[in-house]
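Student: One structure coming up, written as structure tokens, with questions to follow.
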Amino acid sequence: MPPNQRAAQREQTRALLVRRGRELFAAEGYAVVGLARIVAAAGVTKGALYHNFAGKEELFRAVLAEVQREVGTRVAAAAEAASGPWEQLRTGCDAFLVAATDPAIQRILLVDGPAVLGWHEWRALDEANSASHLRDALAPLVADGTLPAQPLEPLVHLLSGAMNEAALWLATEPEALPDTSAALGRVLEALRA
């Protein structure tokens, strides 16, 4: 088999393992799902899994990265459709809450992510994804005076933490999404100069 064909086949196998791992992790949680179930669901051998990943944790890391990218893409697309920086911030925050009400996303992103990878690694991944989008939305608002001049990092972390906590709470109270969105809107409005 030519090298480019082997590389394509390996990438297909990797994508299949991520897809099946994601389905199982979302449905049952990381702790419950064993490698044997994942390879059976993917229709590959354990050797194929180990050819692509060092083990279950590395596969989960790939699943989490995919979920973070998808949520980031959804949030960015919603924000970009809004007019003006303030509405983009507000719309992006709402889009995050909506995305995070999906139980599969909650389990992988907010429950198993910190538990499996540890708080520090999970925060670093969150910082590179969700917090980065939030920072990008807040920076022009501080620069143009919509928000008072202030160090950006504390604000990013406070709002990110509040939204992550709200998303976890919404897992048990999904009908509270409209009230949660309204409360977040009031918090954001209170920040304005």
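Note on naming: chains are A, B, ... as they come in the structure tokens, residues start from 1 per chain, ligands start from 1 in the order shown.
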Per residue of region 14-126 of chain A within 9 Å of region 185-193 of chain A, which atom pair is closest and at what distance in Å (one decimal), using only C-alpha atoms, listed by chain and increasing number, as a Markdown table?
Tutor:
| residue | atom | partner | partner_atom | distance |
| --- | --- | --- | --- | --- |
| A:Arg90 | CA | A:Gly185 | CA | 7.0 |
| A:Cys93 | CA | A:Gly185 | CA | 8.9 |
| A:Asp94 | CA | A:Gly185 | CA | 8.8 |
Student: Near Gly34 (chain A), within 10 Å and counting only C-alpha atoms, which residues show up once chain neighbours fewer than 3 positions away are dropped, as a PyMOL selection string?
Tutor: chain A and resi 21+24-25+30-31+37-39+56
Student: Could you give me, as a VMD selection string, each residue of region 29-143 of chain A that DSSP assigns to alpha helix (DSSP H) when run on this structure's backbone?
Tutor: chain A and resid 35 to 42 46 to 52 56 to 81 85 to 100 103 to 105 113 to 117 119 to 128 130 to 143
Student: Near region 146-154 of chain A, counting only C-alpha atoms, which residues have an atom at most 9 Å away, once you skip same-chain residues fewer than 5 positions from it, shown as a ChimeraX atom specification?
Tutor: /A:86,135,138-141,159,191-193
Student: Using only C-alpha atoms, which of the listed residues (A:Tyr50, A:Arg61, A:Arg14, A:Gln5) sits closest to Ala115 (chain A)?
Tutor: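 The closest residue to Ala115 (chain A) is A:Arg61.
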Student: Taking 6 positions as the minimum chain separation for residues in the same chain, which residues sit within 9 Å of region 173-179 of chain A when counting only C-alpha atoms? Answer as an MDAnalysis selection string.
Tutor: chainID A and resid 97:98 101
